[in-house]
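Printed here is model_14.txt (compact mmCIF, C-alpha atoms and all ligand atoms):
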```txt
# COMPACT_ATOMS: atom_id res chain seq x y z
CA MET A 1 -39.91 23.68 16.23
CA SER A 2 -37.32 22.42 13.75
CA LYS A 3 -35.07 19.49 14.52
CA SER A 4 -32.54 17.36 12.65
CA CYS A 5 -34.07 13.92 13.08
CA LYS A 6 -32.50 11.60 10.51
CA PHE A 7 -29.65 11.42 8.02
CA GLY A 8 -30.35 14.06 5.39
CA ILE A 9 -33.86 14.78 6.62
CA LYS A 10 -35.09 17.72 8.62
CA CYS A 11 -38.48 17.52 10.32
CA SER A 12 -40.63 20.36 11.58
CA TYR A 13 -43.21 19.66 14.22
CA ALA A 14 -46.18 21.99 14.26
CA GLY A 15 -47.06 21.15 17.85
CA ALA A 16 -49.91 19.00 19.26
CA SER A 17 -53.36 20.47 19.46
CA VAL A 18 -56.10 18.96 21.60
CA GLN A 19 -59.54 19.77 20.35
CA ASP A 20 -62.01 19.93 23.25
CA GLY A 21 -63.77 16.63 23.64
CA SER A 22 -63.54 15.82 19.93
CA GLY A 23 -61.17 12.87 19.90
CA PRO A 24 -57.44 12.26 20.18
CA ALA A 25 -54.69 14.88 20.03
CA THR A 26 -53.22 15.47 16.57
CA ILE A 27 -49.63 16.22 15.57
CA ASP A 28 -48.90 17.81 12.22
CA VAL A 29 -45.54 16.69 10.82
CA VAL A 30 -44.00 18.53 7.91
CA ALA A 31 -41.03 16.65 6.46
CA ASP A 32 -38.52 18.90 4.74
CA ILE A 33 -36.45 16.32 2.86
CA LYS A 34 -33.08 17.71 1.80
CA SER A 35 -31.80 15.93 -1.27
CA GLU A 36 -28.08 16.21 -1.83
CA ARG A 37 -26.43 16.36 -5.24
CA VAL A 38 -22.65 16.18 -5.04
CA VAL A 39 -20.08 16.83 -7.73
CA VAL A 40 -16.83 14.91 -7.16
CA LEU A 41 -13.86 16.28 -9.10
CA GLY A 42 -11.68 13.23 -9.75
CA GLY A 43 -14.42 10.76 -8.85
CA ASN A 44 -12.64 7.88 -10.58
CA GLY A 45 -9.38 8.27 -8.61
CA PHE A 46 -8.36 6.38 -5.47
CA VAL A 47 -10.00 8.73 -2.97
CA GLY A 48 -12.65 10.00 -5.38
CA SER A 49 -14.06 6.54 -6.07
CA ALA A 50 -14.37 5.84 -2.33
CA ILE A 51 -16.26 9.14 -1.98
CA CYS A 52 -18.60 8.30 -4.88
CA LYS A 53 -19.25 4.84 -3.44
CA ALA A 54 -19.96 6.20 0.07
CA ALA A 55 -22.25 8.90 -1.33
CA VAL A 56 -24.22 6.36 -3.36
CA SER A 57 -24.55 4.17 -0.25
CA LYS A 58 -26.16 7.13 1.56
CA GLY A 59 -28.61 7.91 -1.24
CA VAL A 60 -26.74 11.02 -2.38
CA GLU A 61 -26.87 11.84 -6.10
CA VAL A 62 -23.32 11.87 -7.51
CA ILE A 63 -21.72 13.43 -10.57
CA SER A 64 -18.01 12.85 -11.27
CA LEU A 65 -15.77 14.99 -13.46
CA SER A 66 -12.39 13.67 -14.58
CA ARG A 67 -10.52 13.50 -17.87
CA SER A 68 -10.91 9.74 -18.23
CA GLY A 69 -14.57 9.62 -17.15
CA ARG A 70 -16.21 6.33 -16.21
CA PRO A 71 -13.89 3.72 -14.65
CA THR A 72 -13.28 0.54 -16.65
CA TYR A 73 -14.15 -1.88 -13.80
CA SER A 74 -17.74 -2.70 -12.92
CA ALA A 75 -19.48 -2.41 -9.56
CA SER A 76 -23.09 -1.68 -8.68
CA TRP A 77 -22.29 1.80 -7.30
CA VAL A 78 -20.45 2.68 -10.54
CA ASP A 79 -23.74 2.47 -12.45
CA GLN A 80 -25.32 4.98 -10.06
CA VAL A 81 -22.82 7.77 -10.70
CA ASN A 82 -23.15 10.22 -13.58
CA TRP A 83 -19.63 10.11 -15.11
CA ILE A 84 -18.66 13.21 -17.06
CA SER A 85 -15.39 13.28 -19.02
CA GLY A 86 -13.59 16.61 -18.96
CA ASP A 87 -10.59 18.56 -17.83
CA VAL A 88 -11.22 20.93 -14.93
CA PHE A 89 -9.35 23.68 -16.82
CA TYR A 90 -11.73 23.44 -19.80
CA ALA A 91 -14.88 22.11 -18.14
CA ASN A 92 -18.37 22.91 -19.32
CA TRP A 93 -19.50 23.88 -15.82
CA ASP A 94 -23.13 24.26 -16.94
CA GLU A 95 -23.22 20.55 -17.56
CA VAL A 96 -21.39 19.66 -14.33
CA LEU A 97 -22.57 22.01 -11.60
CA VAL A 98 -26.24 22.78 -12.19
CA GLY A 99 -28.31 21.88 -9.13
CA ALA A 100 -25.31 20.72 -7.07
CA THR A 101 -25.47 21.16 -3.30
CA ALA A 102 -21.72 20.55 -2.80
CA VAL A 103 -18.50 20.18 -4.77
CA VAL A 104 -15.77 17.85 -3.51
CA SER A 105 -12.30 18.19 -5.01
CA THR A 106 -9.80 15.34 -4.97
CA LEU A 107 -7.66 17.09 -7.58
CA GLY A 108 -4.00 16.81 -6.66
CA GLY A 109 -0.87 14.84 -7.26
CA PHE A 110 2.87 14.76 -7.85
CA GLY A 111 5.13 15.65 -10.78
CA SER A 112 7.42 18.55 -11.68
CA GLU A 113 7.20 21.72 -9.60
CA GLU A 114 5.09 23.31 -12.30
CA GLN A 115 2.74 20.32 -12.59
CA MET A 116 2.28 20.16 -8.81
CA GLN A 117 1.47 23.88 -8.59
CA ARG A 118 -1.00 23.43 -11.41
CA ILE A 119 -2.93 20.38 -10.23
CA ASN A 120 -2.79 20.96 -6.45
CA GLY A 121 -3.15 24.73 -6.64
CA GLU A 122 -4.49 26.28 -9.85
CA ALA A 123 -6.89 23.46 -10.76
CA ASN A 124 -8.57 23.78 -7.37
CA VAL A 125 -8.66 27.58 -7.57
CA VAL A 126 -10.47 27.27 -10.92
CA ALA A 127 -12.92 24.78 -9.39
CA VAL A 128 -13.62 26.86 -6.27
CA ASN A 129 -14.35 29.92 -8.40
CA ALA A 130 -16.61 28.00 -10.79
CA ALA A 131 -18.54 26.58 -7.82
CA LYS A 132 -18.83 30.02 -6.24
CA ASP A 133 -20.02 31.59 -9.52
CA PHE A 134 -22.70 28.91 -9.81
CA GLY A 135 -23.87 29.57 -6.25
CA ILE A 136 -22.98 26.08 -4.99
CA PRO A 137 -23.31 26.37 -1.20
CA LYS A 138 -20.46 24.10 -0.10
CA PHE A 139 -16.92 23.20 -1.26
CA ILE A 140 -14.92 20.35 0.25
CA LEU A 141 -11.20 20.00 -0.51
CA ILE A 142 -9.04 16.93 0.07
CA SER A 143 -5.77 18.55 1.11
CA VAL A 144 -2.88 17.07 3.07
CA HIS A 145 -1.34 17.00 6.54
CA ASP A 146 1.85 19.09 6.82
CA TYR A 147 3.75 16.29 8.64
CA ASN A 148 5.19 18.85 11.01
CA LEU A 149 7.78 19.63 8.34
CA PRO A 150 10.09 22.60 8.73
CA SER A 151 8.93 25.49 6.54
CA PHE A 152 11.72 25.15 3.97
CA LEU A 153 10.49 21.63 3.16
CA LEU A 154 6.96 22.93 2.70
CA GLN A 155 8.10 25.03 -0.26
CA SER A 156 7.57 22.26 -2.84
CA GLY A 157 4.82 22.78 -5.41
CA TYR A 158 2.82 20.01 -3.77
CA PHE A 159 2.44 21.80 -0.43
CA THR A 160 2.37 25.37 -1.76
CA GLY A 161 -0.29 24.29 -4.28
CA LYS A 162 -2.34 22.66 -1.51
CA ARG A 163 -2.13 25.72 0.74
CA LYS A 164 -3.12 28.01 -2.14
CA ALA A 165 -6.17 25.80 -2.77
CA GLU A 166 -7.03 25.80 0.95
CA SER A 167 -6.88 29.61 1.10
CA GLU A 168 -9.19 29.86 -1.89
CA VAL A 169 -11.74 27.50 -0.30
CA LEU A 170 -11.65 29.25 3.07
CA SER A 171 -11.84 32.77 1.61
CA LYS A 172 -14.64 32.02 -0.87
CA TYR A 173 -16.51 29.73 1.55
CA PRO A 174 -15.81 31.18 5.03
CA ASN A 175 -18.93 29.65 6.59
CA SER A 176 -19.22 26.35 4.75
CA GLY A 177 -15.85 25.48 3.18
CA VAL A 178 -14.22 22.24 4.35
CA VAL A 179 -10.52 21.35 4.15
CA LEU A 180 -9.60 17.79 5.10
CA ARG A 181 -5.92 17.24 5.86
CA PRO A 182 -5.24 13.48 5.89
CA GLY A 183 -1.77 11.94 6.05
CA LEU A 184 -1.14 8.67 4.22
CA ILE A 185 -4.43 7.27 2.93
CA TYR A 186 -4.68 3.50 2.63
CA GLY A 187 -7.13 1.16 0.96
CA LYS A 188 -7.23 -0.70 -2.33
CA ARG A 189 -5.78 1.48 -5.07
CA ARG A 190 -6.36 0.43 -8.68
CA VAL A 191 -3.45 0.98 -11.03
CA ASP A 192 -3.99 -0.06 -14.67
CA GLY A 193 -6.79 -2.41 -13.64
CA VAL A 194 -4.72 -4.07 -10.88
CA GLU A 195 -5.67 -3.61 -7.20
CA ILE A 196 -2.75 -2.59 -4.96
CA PRO A 197 -3.68 -3.52 -1.35
CA LEU A 198 -2.18 -0.52 0.48
CA ASP A 199 -4.30 -1.57 3.46
CA LEU A 200 -1.94 -4.48 4.14
CA ILE A 201 0.55 -1.90 5.43
CA GLY A 202 -1.72 1.02 6.31
CA ALA A 203 -4.18 -0.77 8.60
CA PRO A 204 -1.62 -2.43 10.93
CA LEU A 205 0.45 0.75 10.98
CA GLU A 206 -2.62 2.74 12.04
CA ARG A 207 -3.29 0.26 14.88
CA ILE A 208 0.35 0.26 16.07
CA LEU A 209 0.53 4.06 16.12
CA GLN A 210 -2.75 4.21 18.06
CA ALA A 211 -1.44 1.71 20.61
CA VAL A 212 1.76 3.68 21.28
CA GLU A 213 0.16 7.12 21.02
CA ASN A 214 0.67 7.98 24.69
CA PHE A 215 4.40 7.32 24.42
CA THR A 216 4.92 9.11 21.11
CA LYS A 217 2.88 12.26 21.85
CA PRO A 218 5.80 14.13 23.49
CA LEU A 219 7.82 13.62 20.27
CA SER A 220 5.20 15.32 18.11
CA SER A 221 6.73 18.77 18.66
CA LEU A 222 9.94 17.66 16.91
CA PRO A 223 10.27 18.89 13.32
CA ALA A 224 9.17 16.29 10.74
CA SER A 225 8.30 13.79 13.49
CA ASP A 226 4.92 13.25 11.86
CA LEU A 227 6.62 11.58 8.89
CA LEU A 228 6.88 8.62 11.27
CA LEU A 229 4.10 9.34 13.75
CA ALA A 230 1.13 10.67 11.75
CA SER A 231 -1.55 8.03 11.65
CA PRO A 232 -2.51 6.66 8.23
CA VAL A 233 -6.22 6.92 7.49
CA ASN A 234 -8.49 4.45 5.74
CA VAL A 235 -9.80 5.74 2.40
CA ASP A 236 -13.36 4.91 3.53
CA ASP A 237 -12.91 7.14 6.59
CA VAL A 238 -11.90 10.02 4.33
CA ALA A 239 -14.96 9.28 2.19
CA PHE A 240 -17.37 9.20 5.14
CA ALA A 241 -15.86 12.37 6.58
CA VAL A 242 -16.75 13.96 3.23
CA ILE A 243 -20.32 12.65 3.52
CA ASN A 244 -20.51 14.12 7.02
CA ALA A 245 -19.34 17.44 5.58
CA VAL A 246 -21.94 17.28 2.82
CA THR A 247 -24.82 16.65 5.21
CA ASP A 248 -23.84 18.65 8.30
CA ASP A 249 -24.00 22.40 7.81
CA ASP A 250 -22.19 22.99 11.12
CA PHE A 251 -19.11 21.14 9.83
CA PHE A 252 -16.71 23.61 8.19
CA GLY A 253 -13.08 24.75 8.49
CA ILE A 254 -9.86 22.73 8.58
CA PHE A 255 -9.88 19.13 9.83
CA THR A 256 -6.91 17.11 11.10
CA ILE A 257 -6.37 13.36 10.78
CA ASP A 258 -8.08 12.61 14.12
CA GLN A 259 -10.99 14.91 13.29
CA ILE A 260 -11.43 13.17 9.92
CA LYS A 261 -11.76 9.83 11.75
CA GLU A 262 -14.24 11.32 14.25
CA ALA A 263 -16.36 12.81 11.46
CA ALA A 264 -16.36 9.49 9.60
CA ALA A 265 -17.51 7.63 12.71
CA LYS A 266 -20.62 9.85 12.87
CA VAL A 267 -21.99 8.64 9.53
CA LYS A 268 -20.47 5.17 9.12
CA VAL A 269 -22.79 2.28 9.97
N1 LIG B 301 -3.35 8.99 -1.65
C1 LIG B 301 -2.89 9.49 -0.52
O1 LIG B 301 -2.24 8.78 0.31
C2 LIG B 301 -3.13 10.93 -0.18
C3 LIG B 301 -2.72 11.42 1.07
C4 LIG B 301 -3.02 12.75 1.42
C5 LIG B 301 -3.68 13.56 0.50
N2 LIG B 301 -4.04 13.07 -0.71
C6 LIG B 301 -4.74 13.96 -1.66
O2 LIG B 301 -5.98 13.36 -1.96
C7 LIG B 301 -6.36 13.72 -3.30
C8 LIG B 301 -6.73 12.46 -4.06
O3 LIG B 301 -5.61 11.60 -4.12
P1 LIG B 301 -5.68 10.24 -4.94
O4 LIG B 301 -4.61 9.40 -4.38
O5 LIG B 301 -7.08 9.75 -4.96
O6 LIG B 301 -5.29 10.74 -6.42
P2 LIG B 301 -5.63 10.06 -7.80
O7 LIG B 301 -6.00 8.62 -7.63
O8 LIG B 301 -4.51 10.39 -8.72
O9 LIG B 301 -6.93 10.84 -8.27
C9 LIG B 301 -6.87 12.12 -8.86
C10 LIG B 301 -8.14 12.33 -9.67
O10 LIG B 301 -8.11 13.62 -10.28
C11 LIG B 301 -8.47 13.49 -11.66
N3 LIG B 301 -7.81 14.58 -12.39
C12 LIG B 301 -6.49 14.85 -12.46
N4 LIG B 301 -6.28 15.94 -13.24
C13 LIG B 301 -7.50 16.37 -13.65
C14 LIG B 301 -7.96 17.44 -14.47
N5 LIG B 301 -7.10 18.31 -15.02
N6 LIG B 301 -9.28 17.59 -14.67
C15 LIG B 301 -10.17 16.71 -14.14
N7 LIG B 301 -9.80 15.67 -13.34
C16 LIG B 301 -8.48 15.50 -13.11
C17 LIG B 301 -7.95 12.11 -12.05
O11 LIG B 301 -8.64 11.56 -13.17
P3 LIG B 301 -8.10 11.73 -14.67
O12 LIG B 301 -6.64 11.45 -14.64
O13 LIG B 301 -8.92 10.78 -15.46
O14 LIG B 301 -8.40 13.16 -15.04
C18 LIG B 301 -8.31 11.31 -10.80
O15 LIG B 301 -9.66 10.92 -10.86
C19 LIG B 301 -5.18 14.47 -3.89
O16 LIG B 301 -5.44 15.84 -3.80
C20 LIG B 301 -4.02 14.09 -2.99
O17 LIG B 301 -3.03 15.10 -2.95
C21 LIG B 301 -3.79 11.78 -1.08
```
Taking this structure as input, can you express it in the form of structure tokens?
Amino acid sequence: MSKSCKFGIKCSYAGASVQDGSGPATIDVVADIKSERVVVLGGNGFVGSAICKAAVSKGVEVISLSRSGRPTYSASWVDQVNWISGDVFYANWDEVLVGATAVVSTLGGFGSEEQMQRINGEANVVAVNAAKDFGIPKFILISVHDYNLPSFLLQSGYFTGKRKAESEVLSKYPNSGVVLRPGLIYGKRRVDGVEIPLDLIGAPLERILQAVENFTKPLSSLPASDLLLASPVNVDDVAFAVINAVTDDDFFGIFTIDQIKEAAAKVKV
């Protein structure tokens, strides 16, 4: 019998055997300890650093790849991450991916049309294919909610890049790929060494929207209504949803804002 019995650990029980009259029953326990090794692309960014921190807190080995490498601030979890400096378009994947059990991509951002296509779309396509070529079993992409926008507004390089990346993940990893689609993510964002407390707005807004959810639900079919109604999500919830994805092999596909929060609740303590 095989049973998931603890975070990251699978136990097999070989059944109890009673030996006639020769003492107590014995149970053989074989512990099959699954050690996770996660590569976070953009591990020093806003979302990436929360993912690295959460992974370290759960005993997961973490490697980060980003152009600027190790962050300049100090924290105990920072010392437990292997920080590799490199551009995803020119990465030495041998150095980054060997032995990884999952790749998490936080690559994405704004800029000109061309820049948005490149970082949201092409960069992730490159990463998915590198992971696939190296036989990494799982790929997790931080994408974005579509805010219920009419299709002509979803034509910007940001959204088309994201959807291209999603398709690549889901086609190359049909049975293990994970696409998280958060809306606004709040928490403490560091910009040039200064902490911007986005949670001062994000946390109360999340609570207000939850409180009025029953009244606002009928409006959610209106185009673009989610620009006002989509719940913000705490950066730590995104991070713990990623940890859930890393450790739960039954967790794959596309996940909405509410599903991200549910997944996070499963692993948060
Ligand atoms: N923040 C939000 O409210 C929000 C909401 C929904 C979805 N998202 C999505 O969540 C993801 C993370 O967002 P974020 O706010 O954490 O962004 P961020 O702080 O700008 O982080 C992006 C990370 O990617 C790295 N990076 C960029 N270009 C790279 C390249 N060519 N090669 C290697 N690394 C590269 C950056 O490091 P270097 O610059 O040092 O390379 C940084 O670590 C994005 O995909 C974003 O679209 C964010």
Handout entry: Nearest-residue call for ligand LIG 301 (chain B), choices A:Gln117, A:Ser112, A:Thr256, A:Ser68, using all atoms listed in the file
Key = A:Ser68
Problem - Shell of 6 Å around stretch 155-170 of chain A, all atoms listed in the file, local chain residues under 5 positions omitted, as a PyMOL selection string - result: chain A and resi 113+116-117+120-121+124-125+143+177
Those same residues, written as a PDB file, keeping the file's coordinate frame with C-alpha atoms?
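For reference, again.pdb as written:
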```
ATOM      1  CA  GLU A 113       7.200  21.720  -9.600  1.00  0.00           C
ATOM      2  CA  MET A 116       2.280  20.160  -8.810  1.00  0.00           C
ATOM      3  CA  GLN A 117       1.470  23.880  -8.590  1.00  0.00           C
ATOM      4  CA  ASN A 120      -2.790  20.960  -6.450  1.00  0.00           C
ATOM      5  CA  GLY A 121      -3.150  24.730  -6.640  1.00  0.00           C
ATOM      6  CA  ASN A 124      -8.570  23.780  -7.370  1.00  0.00           C
ATOM      7  CA  VAL A 125      -8.660  27.580  -7.570  1.00  0.00           C
ATOM      8  CA  SER A 143      -5.770  18.550   1.110  1.00  0.00           C
ATOM      9  CA  GLY A 177     -15.850  25.480   3.180  1.00  0.00           C
TER      10      GLY A 177
END
```
Compute the set of protein, DNA and RNA residues whose minimum atom distance to ligand LIG 301 (chain B) is at most 7 Å, using all atoms listed in the file, and state it as a PDB file with C-alpha atoms, in the coordinates of the input.
```pdb
ATOM      1  CA  LEU A  41     -13.860  16.280  -9.100  1.00  0.00           C
ATOM      2  CA  GLY A  42     -11.680  13.230  -9.750  1.00  0.00           C
ATOM      3  CA  GLY A  43     -14.420  10.760  -8.850  1.00  0.00           C
ATOM      4  CA  ASN A  44     -12.640   7.880 -10.580  1.00  0.00           C
ATOM      5  CA  GLY A  45      -9.380   8.270  -8.610  1.00  0.00           C
ATOM      6  CA  PHE A  46      -8.360   6.380  -5.470  1.00  0.00           C
ATOM      7  CA  VAL A  47     -10.000   8.730  -2.970  1.00  0.00           C
ATOM      8  CA  GLY A  48     -12.650  10.000  -5.380  1.00  0.00           C
ATOM      9  CA  LEU A  65     -15.770  14.990 -13.460  1.00  0.00           C
ATOM     10  CA  SER A  66     -12.390  13.670 -14.580  1.00  0.00           C
ATOM     11  CA  ARG A  67     -10.520  13.500 -17.870  1.00  0.00           C
ATOM     12  CA  SER A  68     -10.910   9.740 -18.230  1.00  0.00           C
ATOM     13  CA  GLY A  69     -14.570   9.620 -17.150  1.00  0.00           C
ATOM     14  CA  GLY A  86     -13.590  16.610 -18.960  1.00  0.00           C
ATOM     15  CA  ASP A  87     -10.590  18.560 -17.830  1.00  0.00           C
ATOM     16  CA  VAL A  88     -11.220  20.930 -14.930  1.00  0.00           C
ATOM     17  CA  PHE A  89      -9.350  23.680 -16.820  1.00  0.00           C
ATOM     18  CA  THR A 106      -9.800  15.340  -4.970  1.00  0.00           C
ATOM     19  CA  LEU A 107      -7.660  17.090  -7.580  1.00  0.00           C
ATOM     20  CA  GLY A 108      -4.000  16.810  -6.660  1.00  0.00           C
ATOM     21  CA  GLY A 109      -0.870  14.840  -7.260  1.00  0.00           C
ATOM     22  CA  ILE A 119      -2.930  20.380 -10.230  1.00  0.00           C
ATOM     23  CA  ASN A 120      -2.790  20.960  -6.450  1.00  0.00           C
ATOM     24  CA  ALA A 123      -6.890  23.460 -10.760  1.00  0.00           C
ATOM     25  CA  ILE A 142      -9.040  16.930   0.070  1.00  0.00           C
ATOM     26  CA  SER A 143      -5.770  18.550   1.110  1.00  0.00           C
ATOM     27  CA  VAL A 144      -2.880  17.070   3.070  1.00  0.00           C
ATOM     28  CA  HIS A 145      -1.340  17.000   6.540  1.00  0.00           C
ATOM     29  CA  ARG A 181      -5.920  17.240   5.860  1.00  0.00           C
ATOM     30  CA  PRO A 182      -5.240  13.480   5.890  1.00  0.00           C
ATOM     31  CA  GLY A 183      -1.770  11.940   6.050  1.00  0.00           C
ATOM     32  CA  LEU A 184      -1.140   8.670   4.220  1.00  0.00           C
ATOM     33  CA  ILE A 185      -4.430   7.270   2.930  1.00  0.00           C
ATOM     34  CA  TYR A 186      -4.680   3.500   2.630  1.00  0.00           C
TER      35      TYR A 186
END
```
Handout entry: Closest of A:Ala75, A:Leu141, A:Val39, A:Ile63 to A:Val238 - atom-to-atom distances counting only C-alpha atoms
Key = A:Leu141
Exercise for the section: To one decimal in Å, tell me the separation between atom CA of A:Val242 and atom CA of A:Ser64. Expected result: 14.6 Å
Shell around A:Phe252 at 12 Å using only C-alpha atoms, local window under 5 positions removed, as a PDB file with C-alpha atoms, in the coordinates of the input:
```pdb
ATOM      1  CA  PRO A 137     -23.310  26.370  -1.200  1.00  0.00           C
ATOM      2  CA  LYS A 138     -20.460  24.100  -0.100  1.00  0.00           C
ATOM      3  CA  PHE A 139     -16.920  23.200  -1.260  1.00  0.00           C
ATOM      4  CA  ILE A 140     -14.920  20.350   0.250  1.00  0.00           C
ATOM      5  CA  LEU A 141     -11.200  20.000  -0.510  1.00  0.00           C
ATOM      6  CA  VAL A 169     -11.740  27.500  -0.300  1.00  0.00           C
ATOM      7  CA  LEU A 170     -11.650  29.250   3.070  1.00  0.00           C
ATOM      8  CA  TYR A 173     -16.510  29.730   1.550  1.00  0.00           C
ATOM      9  CA  PRO A 174     -15.810  31.180   5.030  1.00  0.00           C
ATOM     10  CA  ASN A 175     -18.930  29.650   6.590  1.00  0.00           C
ATOM     11  CA  SER A 176     -19.220  26.350   4.750  1.00  0.00           C
ATOM     12  CA  GLY A 177     -15.850  25.480   3.180  1.00  0.00           C
ATOM     13  CA  VAL A 178     -14.220  22.240   4.350  1.00  0.00           C
ATOM     14  CA  VAL A 179     -10.520  21.350   4.150  1.00  0.00           C
ATOM     15  CA  LEU A 180      -9.600  17.790   5.100  1.00  0.00           C
ATOM     16  CA  ALA A 241     -15.860  12.370   6.580  1.00  0.00           C
ATOM     17  CA  VAL A 242     -16.750  13.960   3.230  1.00  0.00           C
ATOM     18  CA  ASN A 244     -20.510  14.120   7.020  1.00  0.00           C
ATOM     19  CA  ALA A 245     -19.340  17.440   5.580  1.00  0.00           C
ATOM     20  CA  VAL A 246     -21.940  17.280   2.820  1.00  0.00           C
ATOM     21  CA  THR A 247     -24.820  16.650   5.210  1.00  0.00           C
ATOM     22  CA  GLN A 259     -10.990  14.910  13.290  1.00  0.00           C
ATOM     23  CA  ILE A 260     -11.430  13.170   9.920  1.00  0.00           C
ATOM     24  CA  ALA A 263     -16.360  12.810  11.460  1.00  0.00           C
TER      25      ALA A 263
END
```
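Distance check against A:Gly253 using all atoms listed in the file: of A:Ser57, A:Thr216, A:Ser171, A:Ser105, the minimum falls on A:Ser171.
Comparing the minimum interatomic distances between A:Asp249 and each of A:Glu206, A:Pro218, A:Leu227, A:Ala102, counting all atoms listed in the file, we find that A:Ala102 sits nearest.
Note that atom CA of A:Ile51 and atom CA of A:Asp146 are 22.5 Å apart.
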